[in-house]
$ cat entry.cif   # mmCIF, C-alpha atoms
data_run
#
loop_
_atom_site.label_atom_id
_atom_site.label_comp_id
_atom_site.auth_asym_id
_atom_site.auth_seq_id
_atom_site.Cartn_x
_atom_site.Cartn_y
_atom_site.Cartn_z
CA MET A 1 -145.03 67.07 43.76
CA LYS A 2 -148.64 65.85 44.07
CA VAL A 3 -149.54 65.51 47.75
CA TYR A 4 -152.68 64.15 49.40
CA LEU A 5 -153.75 64.07 53.04
CA VAL A 6 -154.94 60.52 53.79
CA GLY A 7 -156.28 58.20 56.45
CA GLY A 8 -157.47 59.12 59.91
CA ALA A 9 -157.04 62.88 59.58
CA VAL A 10 -159.47 62.98 56.65
CA ARG A 11 -161.87 60.54 58.30
CA ASP A 12 -162.00 62.39 61.61
CA SER A 13 -162.42 65.79 59.99
CA LEU A 14 -165.45 64.47 58.08
CA LEU A 15 -166.86 63.13 61.36
CA GLY A 16 -166.27 66.46 63.07
CA LEU A 17 -163.81 64.89 65.51
CA PRO A 18 -160.42 66.25 66.58
CA ALA A 19 -157.79 65.02 64.13
CA GLY A 20 -154.68 63.22 65.32
CA ASP A 21 -151.51 62.74 63.31
CA ARG A 22 -151.60 63.93 59.70
CA ASP A 23 -150.26 61.48 57.11
CA TYR A 24 -149.63 62.24 53.46
CA VAL A 25 -149.24 60.28 50.24
CA VAL A 26 -147.04 61.53 47.43
CA VAL A 27 -147.90 60.37 43.91
CA GLY A 28 -145.51 60.13 40.96
CA GLU A 29 -142.22 60.71 42.79
CA THR A 30 -139.10 58.68 43.55
CA PRO A 31 -137.07 58.36 46.75
CA GLU A 32 -134.29 60.32 45.10
CA ALA A 33 -136.64 63.20 44.34
CA MET A 34 -137.89 63.25 47.93
CA LEU A 35 -134.36 63.39 49.31
CA ALA A 36 -133.43 66.13 46.85
CA ALA A 37 -136.39 68.15 48.13
CA GLY A 38 -135.00 67.97 51.67
CA PHE A 39 -137.10 65.14 53.07
CA LYS A 40 -135.50 62.64 55.48
CA ALA A 41 -135.97 58.93 54.80
CA VAL A 42 -137.27 56.89 57.78
CA GLY A 43 -139.13 53.93 56.30
CA LYS A 44 -137.60 50.45 56.47
CA ASP A 45 -140.21 48.32 54.72
CA PHE A 46 -141.42 51.01 52.31
CA PRO A 47 -140.41 54.59 51.45
CA VAL A 48 -141.57 57.01 54.13
CA PHE A 49 -140.08 60.46 54.60
CA LEU A 50 -140.26 63.25 57.17
CA HIS A 51 -141.03 66.77 56.00
CA PRO A 52 -137.98 69.04 56.52
CA ASP A 53 -140.05 71.67 58.35
CA SER A 54 -143.14 70.07 59.91
CA GLY A 55 -141.67 66.62 60.60
CA GLU A 56 -144.91 65.04 59.34
CA GLU A 57 -144.82 61.73 57.44
CA TYR A 58 -144.99 61.63 53.66
CA ALA A 59 -145.15 58.16 52.06
CA LEU A 60 -144.77 57.37 48.38
CA ALA A 61 -147.89 55.85 46.85
CA ARG A 62 -147.53 52.08 46.92
CA THR A 63 -149.22 48.74 46.39
CA GLU A 64 -148.78 45.59 48.48
CA ARG A 65 -148.87 41.99 47.31
CA LYS A 66 -149.28 39.03 49.66
CA SER A 67 -146.17 36.85 49.76
CA GLY A 68 -146.46 34.86 52.99
CA ARG A 69 -148.37 34.33 56.23
CA GLY A 70 -148.90 36.99 58.85
CA TYR A 71 -149.03 40.74 58.70
CA ARG A 72 -145.40 41.02 57.52
CA GLY A 73 -145.82 38.76 54.50
CA PHE A 74 -146.10 41.46 51.82
CA VAL A 75 -144.07 42.68 48.85
CA VAL A 76 -144.24 46.46 48.46
CA ASP A 77 -144.15 48.32 45.14
CA ALA A 78 -143.61 52.10 45.36
CA ASP A 79 -142.94 52.74 41.68
CA PRO A 80 -143.81 56.29 40.51
CA SER A 81 -146.49 54.78 38.26
CA VAL A 82 -148.60 53.70 41.27
CA THR A 83 -151.79 55.77 41.31
CA LEU A 84 -153.58 57.30 44.27
CA ASP A 85 -156.56 54.96 43.76
CA GLU A 86 -154.20 51.97 43.87
CA ASP A 87 -152.64 53.26 47.08
CA LEU A 88 -156.05 53.80 48.69
CA GLY A 89 -157.11 50.35 47.54
CA ARG A 90 -154.56 48.61 49.77
CA ARG A 91 -156.06 50.15 52.91
CA ASP A 92 -158.24 48.32 55.41
CA PHE A 93 -161.59 50.12 55.64
CA THR A 94 -163.38 52.46 53.27
CA ILE A 95 -163.54 55.17 55.93
CA ASN A 96 -159.73 55.13 55.98
CA ALA A 97 -159.41 55.12 52.18
CA ILE A 98 -160.32 58.77 51.56
CA ALA A 99 -157.77 61.35 50.43
CA ARG A 100 -157.84 65.14 50.27
CA ASP A 101 -155.92 66.99 47.57
CA GLU A 102 -153.66 69.44 49.37
CA SER A 103 -153.70 71.84 46.43
CA ASP A 104 -157.46 72.44 46.20
CA GLY A 105 -159.11 70.54 49.09
CA ARG A 106 -160.92 68.12 46.77
CA LEU A 107 -161.84 64.74 48.22
CA VAL A 108 -160.74 61.58 46.41
CA ASP A 109 -163.02 58.76 47.50
CA PRO A 110 -162.96 55.84 45.05
CA TYR A 111 -164.33 53.26 47.54
CA GLY A 112 -167.29 55.10 49.04
CA GLY A 113 -165.74 55.93 52.40
CA ALA A 114 -167.69 59.18 52.81
CA ARG A 115 -170.92 57.30 52.17
CA ASP A 116 -170.00 54.72 54.81
CA LEU A 117 -169.11 57.48 57.26
CA GLU A 118 -172.56 58.94 56.80
CA ALA A 119 -174.14 55.49 57.20
CA LYS A 120 -171.83 54.77 60.17
CA VAL A 121 -170.63 51.48 58.72
CA LEU A 122 -167.19 49.90 59.07
CA ARG A 123 -166.65 48.17 55.72
CA HIS A 124 -163.53 46.59 54.18
CA VAL A 125 -162.13 48.11 50.98
CA GLY A 126 -161.75 44.92 48.99
CA PRO A 127 -160.92 41.21 48.99
CA ALA A 128 -157.28 41.90 49.90
CA PHE A 129 -158.57 42.61 53.43
CA VAL A 130 -158.12 38.93 54.25
CA GLU A 131 -154.39 39.11 53.53
CA ASP A 132 -153.56 40.93 56.78
CA PRO A 133 -154.79 39.23 59.99
CA LEU A 134 -154.05 42.33 62.05
CA ARG A 135 -157.03 43.98 60.37
CA VAL A 136 -159.40 41.86 62.43
CA LEU A 137 -158.03 43.44 65.60
CA ARG A 138 -158.07 46.85 63.96
CA ALA A 139 -161.77 46.38 63.22
CA GLY A 140 -162.37 45.72 66.90
CA ARG A 141 -160.31 48.72 67.90
CA PHE A 142 -162.12 51.04 65.49
CA MET A 143 -165.41 49.79 66.89
CA ALA A 144 -164.16 50.55 70.41
CA ARG A 145 -163.61 54.11 69.26
CA PHE A 146 -166.65 54.63 67.05
CA ALA A 147 -169.38 52.45 68.57
CA GLU A 148 -170.50 55.36 70.74
CA HIS A 149 -171.16 57.24 67.50
CA GLY A 150 -173.44 54.45 66.28
CA PHE A 151 -171.07 52.54 64.00
CA THR A 152 -171.63 48.89 63.11
CA VAL A 153 -169.58 46.36 61.15
CA ALA A 154 -170.86 45.59 57.65
CA PRO A 155 -172.18 42.00 57.44
CA GLU A 156 -169.84 41.16 54.56
CA THR A 157 -166.88 42.47 56.55
CA MET A 158 -167.86 40.39 59.57
CA ALA A 159 -168.08 37.35 57.30
CA LEU A 160 -164.52 37.95 56.10
CA MET A 161 -163.33 38.38 59.66
CA ARG A 162 -164.84 35.02 60.61
CA GLN A 163 -163.11 33.47 57.61
CA MET A 164 -159.79 34.95 58.76
CA ALA A 165 -160.26 33.66 62.30
CA GLU A 166 -161.01 30.18 60.98
CA SER A 167 -157.97 30.23 58.67
CA GLY A 168 -155.53 30.16 61.58
CA GLU A 169 -153.58 33.22 60.44
CA LEU A 170 -154.44 35.16 63.60
CA SER A 171 -152.12 32.77 65.43
CA ASP A 172 -149.24 34.27 63.44
CA LEU A 173 -149.69 37.72 64.98
CA VAL A 174 -146.77 38.68 67.18
CA ALA A 175 -147.53 39.44 70.81
CA GLU A 176 -146.45 43.07 70.57
CA ARG A 177 -148.98 43.83 67.82
CA VAL A 178 -151.83 42.12 69.66
CA TRP A 179 -151.00 44.05 72.82
CA GLN A 180 -150.73 47.30 70.87
CA GLU A 181 -154.24 46.92 69.47
CA LEU A 182 -155.67 45.73 72.80
CA ARG A 183 -154.04 48.60 74.65
CA ARG A 184 -155.42 51.15 72.21
CA ALA A 185 -158.88 49.59 72.40
CA LEU A 186 -158.83 49.76 76.21
CA SER A 187 -158.03 53.47 75.89
CA CYS A 188 -161.17 54.09 73.82
CA ALA A 189 -164.60 55.10 75.07
CA ARG A 190 -166.24 51.72 74.42
CA PRO A 191 -163.76 48.83 74.94
CA SER A 192 -166.70 46.43 75.07
CA ALA A 193 -167.16 46.91 71.32
CA PHE A 194 -163.64 45.54 70.78
CA LEU A 195 -164.50 42.43 72.79
CA ARG A 196 -167.92 41.97 71.22
CA THR A 197 -166.66 42.44 67.67
CA LEU A 198 -163.83 39.93 68.10
CA HIS A 199 -166.09 37.49 69.96
CA ASP A 200 -168.71 37.60 67.22
CA ALA A 201 -165.99 37.05 64.61
CA GLY A 202 -164.53 34.04 66.46
CA ALA A 203 -161.27 35.96 66.86
CA LEU A 204 -161.37 36.56 70.61
CA ALA A 205 -160.98 32.83 71.21
CA VAL A 206 -157.69 33.00 69.29
CA VAL A 207 -156.08 36.16 70.68
CA LEU A 208 -157.67 36.32 74.17
CA PRO A 209 -159.00 32.81 74.92
CA GLU A 210 -159.03 33.50 78.67
CA VAL A 211 -161.50 36.34 78.12
CA ASP A 212 -163.53 34.58 75.43
CA ALA A 213 -164.10 31.69 77.86
CA LEU A 214 -166.13 33.99 80.10
CA TYR A 215 -168.99 34.29 77.61
CA GLY A 216 -171.88 32.03 78.51
CA VAL A 217 -170.67 31.45 82.08
CA PRO A 218 -173.60 32.24 84.45
CA GLN A 219 -173.39 34.22 87.68
CA ARG A 220 -175.84 34.61 90.54
CA ALA A 221 -178.56 36.98 89.34
CA GLU A 222 -178.98 38.65 92.75
CA PHE A 223 -175.43 39.97 92.47
CA HIS A 224 -175.18 40.08 88.68
CA PRO A 225 -178.51 40.88 87.01
CA GLU A 226 -176.73 40.63 83.63
CA VAL A 227 -175.93 36.97 84.54
CA ASP A 228 -173.46 36.26 81.70
CA THR A 229 -169.85 36.79 82.84
CA GLY A 230 -168.77 37.86 79.36
CA ILE A 231 -171.40 40.59 79.33
CA HIS A 232 -170.34 41.62 82.84
CA THR A 233 -166.75 41.95 81.63
CA GLU A 234 -167.91 44.15 78.77
CA MET A 235 -169.79 46.36 81.23
CA VAL A 236 -166.80 46.57 83.57
CA VAL A 237 -164.32 47.68 80.89
CA ASP A 238 -166.79 50.31 79.71
CA MET A 239 -167.27 51.54 83.26
CA ALA A 240 -163.49 51.66 83.69
CA ALA A 241 -163.26 53.77 80.53
CA GLN A 242 -165.88 56.09 82.00
CA LEU A 243 -164.14 56.40 85.39
CA ALA A 244 -160.61 56.70 83.96
CA PRO A 245 -160.83 57.86 80.32
CA GLY A 246 -157.90 56.79 78.18
CA ASP A 247 -156.24 54.76 80.96
CA ASP A 248 -155.36 51.33 79.53
CA LEU A 249 -153.75 50.31 82.86
CA ILE A 250 -157.11 50.55 84.61
CA GLY A 251 -158.77 48.99 81.56
CA PHE A 252 -156.50 45.94 81.53
CA ALA A 253 -157.09 45.20 85.22
CA ALA A 254 -160.83 45.57 84.62
CA LEU A 255 -160.66 43.21 81.65
CA THR A 256 -158.93 40.43 83.57
CA HIS A 257 -160.41 40.69 87.07
CA ASP A 258 -162.81 37.72 86.69
CA LEU A 259 -160.81 35.25 84.57
CA GLY A 260 -161.18 32.61 87.27
CA LYS A 261 -164.93 32.35 86.68
CA ALA A 262 -164.27 30.48 83.42
CA LEU A 263 -162.69 27.71 85.54
CA THR A 264 -165.57 27.24 87.97
CA PRO A 265 -166.76 23.60 88.06
CA ALA A 266 -170.12 23.25 86.34
CA ASP A 267 -171.70 21.53 89.32
CA ILE A 268 -171.44 24.63 91.56
CA LEU A 269 -172.57 27.24 89.01
CA PRO A 270 -173.78 29.96 89.20
CA ARG A 271 -171.67 30.32 92.37
CA HIS A 272 -167.97 31.03 91.88
CA LEU A 273 -166.09 29.97 94.99
CA ASN A 274 -162.50 31.21 95.18
CA HIS A 275 -162.65 32.51 91.60
CA GLU A 276 -160.36 35.37 92.57
CA ARG A 277 -157.51 32.95 93.37
CA ALA A 278 -158.33 30.71 90.42
CA GLY A 279 -158.00 33.68 88.10
CA LEU A 280 -154.31 34.22 88.84
CA GLU A 281 -153.15 31.27 86.71
CA PRO A 282 -154.93 32.24 83.47
CA LEU A 283 -153.91 35.86 84.10
CA ALA A 284 -150.26 34.79 84.34
CA GLY A 285 -150.58 32.85 81.09
CA LEU A 286 -152.16 35.79 79.26
CA CYS A 287 -149.52 38.22 80.53
CA ALA A 288 -146.66 35.93 79.54
CA ARG A 289 -148.06 35.22 76.07
CA LEU A 290 -148.73 38.85 75.18
CA LYS A 291 -145.69 40.23 77.03
CA ILE A 292 -147.85 42.53 79.12
CA PRO A 293 -145.90 45.36 80.82
CA THR A 294 -144.99 44.70 84.44
CA GLU A 295 -147.03 47.60 85.81
CA HIS A 296 -150.16 46.30 84.09
CA ARG A 297 -149.53 42.75 85.29
CA LEU A 298 -148.98 43.72 88.93
CA LEU A 299 -152.14 45.83 89.12
CA ALA A 300 -154.18 43.13 87.37
CA GLU A 301 -152.90 40.51 89.81
CA ALA A 302 -153.78 42.69 92.80
CA VAL A 303 -157.30 43.34 91.50
CA CYS A 304 -157.89 39.72 90.52
CA ARG A 305 -156.81 38.47 93.94
CA GLU A 306 -158.32 41.18 96.15
CA HIS A 307 -161.46 42.58 94.50
CA LEU A 308 -163.86 40.66 96.74
CA ASN A 309 -161.96 41.86 99.82
CA VAL A 310 -162.32 45.45 98.67
CA HIS A 311 -166.03 44.93 98.01
CA ARG A 312 -166.50 43.78 101.63
CA PHE A 313 -164.13 46.43 102.97
CA ASN A 314 -166.47 47.53 105.76
CA GLU A 315 -166.39 43.98 107.20
CA LEU A 316 -162.59 43.88 107.46
CA ARG A 317 -160.68 44.56 110.65
CA ALA A 318 -157.79 47.00 110.67
CA ARG A 319 -155.17 44.24 110.64
CA THR A 320 -156.79 42.64 107.59
CA VAL A 321 -156.83 46.00 105.82
CA PHE A 322 -153.14 46.47 106.63
CA GLU A 323 -152.32 43.02 105.24
CA LEU A 324 -154.33 43.67 102.08
CA ILE A 325 -152.42 46.90 101.44
CA ALA A 326 -149.10 45.20 102.18
CA ARG A 327 -149.82 42.29 99.80
CA CYS A 328 -150.39 44.82 97.03
CA ASP A 329 -147.16 46.69 97.88
CA GLY A 330 -149.30 49.70 98.67
CA PHE A 331 -147.01 51.22 101.27
CA ARG A 332 -144.22 51.54 98.73
CA ASN A 333 -146.59 52.18 95.81
CA PRO A 334 -149.66 54.03 97.11
CA LYS A 335 -150.83 54.77 93.57
CA ARG A 336 -151.56 51.07 93.07
CA ILE A 337 -154.12 51.13 95.88
CA GLU A 338 -155.88 54.12 94.31
CA GLN A 339 -155.92 52.31 90.96
CA MET A 340 -157.19 49.09 92.54
CA ALA A 341 -160.00 50.98 94.25
CA LEU A 342 -161.00 52.47 90.90
CA VAL A 343 -161.06 49.09 89.14
CA CYS A 344 -163.10 47.60 91.97
CA GLU A 345 -165.60 50.43 91.58
CA ALA A 346 -165.80 49.63 87.87
CA ASP A 347 -166.46 45.98 88.77
CA LYS A 348 -169.23 46.87 91.21
CA ARG A 349 -170.90 49.38 88.90
CA GLY A 350 -170.37 47.31 85.76
CA ARG A 351 -173.59 45.40 86.36
CA LEU A 352 -177.06 45.70 84.93
CA GLY A 353 -178.97 48.41 86.78
CA LEU A 354 -176.07 49.33 89.08
CA GLN A 355 -174.20 51.70 86.78
CA ASP A 356 -175.11 54.78 88.84
CA GLY A 357 -174.55 53.19 92.25
CA GLU A 358 -172.26 54.53 94.96
CA TYR A 359 -169.04 52.78 95.90
CA PRO A 360 -167.83 54.06 99.28
CA GLN A 361 -165.39 51.17 99.66
CA GLY A 362 -162.91 52.78 97.27
CA PRO A 363 -162.53 56.07 99.14
CA ALA A 364 -162.54 54.18 102.44
CA LEU A 365 -159.62 52.00 101.32
CA CYS A 366 -157.67 55.05 100.15
CA ALA A 367 -158.40 56.84 103.43
CA ALA A 368 -157.11 53.87 105.42
CA LEU A 369 -153.90 53.88 103.40
CA ALA A 370 -153.48 57.62 103.88
CA ALA A 371 -153.87 57.21 107.65
CA ALA A 372 -151.27 54.43 107.75
CA LEU A 373 -148.80 56.44 105.65
CA LYS A 374 -148.89 59.28 108.16
CA VAL A 375 -147.06 57.07 110.66
CA ARG A 376 -143.36 57.97 110.70
CA ALA A 377 -140.36 56.27 112.24
CA SER A 378 -140.07 59.25 114.56
CA ASP A 379 -143.45 58.31 116.02
CA LEU A 380 -142.12 54.95 117.26
CA PRO A 381 -140.70 54.32 120.74
CA ALA A 382 -137.01 55.19 121.08
CA GLY A 383 -134.35 52.52 121.29
CA LEU A 384 -135.87 49.99 118.90
CA GLU A 385 -133.52 48.03 116.64
CA GLY A 386 -133.70 45.44 113.87
CA PRO A 387 -136.98 43.51 113.45
CA ALA A 388 -138.49 45.37 116.38
CA VAL A 389 -138.66 48.53 114.26
CA GLY A 390 -140.67 46.79 111.54
CA GLU A 391 -143.04 45.23 114.07
CA ALA A 392 -143.58 48.55 115.82
CA MET A 393 -144.29 50.21 112.48
CA ARG A 394 -146.77 47.46 111.64
CA ARG A 395 -148.63 47.90 114.93
CA ALA A 396 -148.62 51.68 114.64
CA ARG A 397 -150.03 51.55 111.13
CA ILE A 398 -152.74 49.08 112.14
CA ALA A 399 -153.64 51.39 115.01
CA ALA A 400 -153.80 54.35 112.63
CA ILE A 401 -156.11 52.42 110.30
CA ALA A 402 -158.26 51.41 113.26
CA ALA A 403 -158.52 55.00 114.46
CA ARG A 404 -159.48 56.16 110.99
CA ARG A 405 -162.22 53.52 110.86
CA GLY A 406 -163.40 54.12 114.42
CA GLU A 407 -162.34 50.68 115.69
CA SER A 408 -161.26 49.97 119.26
CA ASN A 409 -157.68 49.03 119.99
CA GLU A 410 -158.82 45.60 121.12
CA SER A 411 -160.50 44.76 117.79
CA SER A 412 -157.91 46.30 115.48
CA GLU A 413 -155.52 43.36 115.72
CA SER A 414 -158.19 40.70 115.19
CA SER A 415 -159.49 39.52 111.83
#

$ encode --input "entry.cif" --output "structure tokens"
Amino acid sequence: MKVYLVGGAVRDSLLGLPAGDRDYVVVGETPEAMLAAGFKAVGKDFPVFLHPDSGEEYALARTERKSGRGYRGFVVDADPSVTLDEDLGRRDFTINAIARDESDGRLVDPYGGARDLEAKVLRHVGPAFVEDPLRVLRAGRFMARFAEHGFTVAPETMALMRQMAESGELSDLVAERVWQELRRALSCARPSAFLRTLHDAGALAVVLPEVDALYGVPQRAEFHPEVDTGIHTEMVVDMAAQLAPGDDLIGFAALTHDLGKALTPADILPRHLNHERAGLEPLAGLCARLKIPTEHRLLAEAVCREHLNVHRFNELRARTVFELIARCDGFRNPKRIEQMALVCEADKRGRLGLQDGEYPQGPALCAALAAALKVRASDLPAGLEGPAVGEAMRRARIAAIAARRGESNESSESS
């Protein structure tokens, strides 16, 4: 049995990065031979097997031929005559088309992937790249991971990506696959590279039109020295990745917090009155189209609606703070308030020249919540029943927030 380690494990080892899952290609074998050797078949669309001891994936060498639109429109051939070079040739990028012979450690690199790794270039393997529209999103996701290492997209690859965006095939991508790539990109160190790559390729307008619409929209320079809302969004998602590494929940809320600015009437630009409320409609459309998980949607809605209130937290009275927390379901889900504070910090620091700024509003919001949560039913006057209990709890929590913020009892109930 001729076995080769392939894909990301080889690529990352050559880059000196921690390797993730290890995938193998087996050349010259049949499914029957794999089963006879104790492997367990798991592949539906093509023959993939699990090793009887390690549980790692071993796939028979195969070729793919385009047979229809979308990323599923392929005919797979896993005949034993398929060579390793042919198998590597169906892959997306040269840096992913390198194999290592498990018997002697020799690299097999027919498409120059090691050279492109050294040059830090993301380059497609061949013309068949255009046959799978998902590869455009994968290019963005790889850039989100490797941009911090200095990688760029080869000009000829970018040209193909533009061609694919113009062809209309990106519209055939199912929501789950788009979300999967977006989610993984938001978990990377540089999510902005995902947005920028897809925007430059004309693909962001297809898969995330609500976000693409932010590019070129001006903001007031005294608050946003970067001016362009699209650039601001890039800076915010990168700051979110810095504050909460690997957290796509924080990343998604950061990505969508300013969608309303794309809807601002041209005659009032660069001001954006009520953009936080205006952003809820495009956010709802995006979440419905891509089938965004409920937890992500609820946090994104809270941030979109409330981020300006959090920014001006020190101006709010205790009652207003209580109502803000209640609107976000923070008393039942305190974690959401902590997450919202973190995204709002990313928004404030995701601006040109403000990356190292302080954001005391976040800790202050969390401290107010903590004070309110200390109030217990046992602290309330005896004998209360029905709605009176809820009202007493409300007043007690407002008072606790006021005390934490040093407000007087008289001002705590006013807004």

$ resolve_selection --input "entry.cif" --expression "the PyMOL selection byres ((chain A and resi 166) around 12)" --output "MDAnalysis selection string"
chainID A and resid 130 133 136 159:165 167:171 201:206

$ resolve_selection --input "entry.cif" --expression "the PyMOL selection byres ((chain A and resi 286) around 10)" --output "list in words"
Val207, Leu208, Pro209, Glu210, Val211, Thr256, Leu280, Glu281, Pro282, Leu283, Ala284, Gly285, Cys287, Ala288, Arg289, Leu290, Lys291, Ile292 and Arg297 of chain A

$ residues_near_point --input "entry.cif" --point "(-144.0, 56.3, 112.6)" --cutoff "12 Å" --atoms "only C-alpha atoms" --output "MDAnalysis selection string"
chainID A and resid 371:382 389:400

$ axis_aligned_box --input "entry.cif" --around "segment 268-275 of chain A" --padding-each-side "6 Å" --output "lines of an AutoDock Vina configuration file"
center_x = -168.1
center_y = 28.6
center_z = 92.1
size_x = 23.3
size_y = 19.9
size_z = 18.2

$ closest_residue --input "entry.cif" --among "A:Ala61, A:Tyr111, A:Arg145, A:Glu323" --to "Leu17 of chain A" --atoms "all atoms listed in the file"
A:Arg145

$ resolve_selection --input "entry.cif" --expression "the PyMOL selection byres ((chain A and resi 270-272) around 6)" --output "PyMOL selection string"
chain A and resi 218-220+264+268-269+273+275

$ residues_around --input "entry.cif" --residues "Ala346 of chain A" --least-positions-apart "6" --cutoff "10 Å" --atoms "all atoms listed in the file" --output "ChimeraX atom specification"
/A:233,235-244,250-251,254,340,355,359
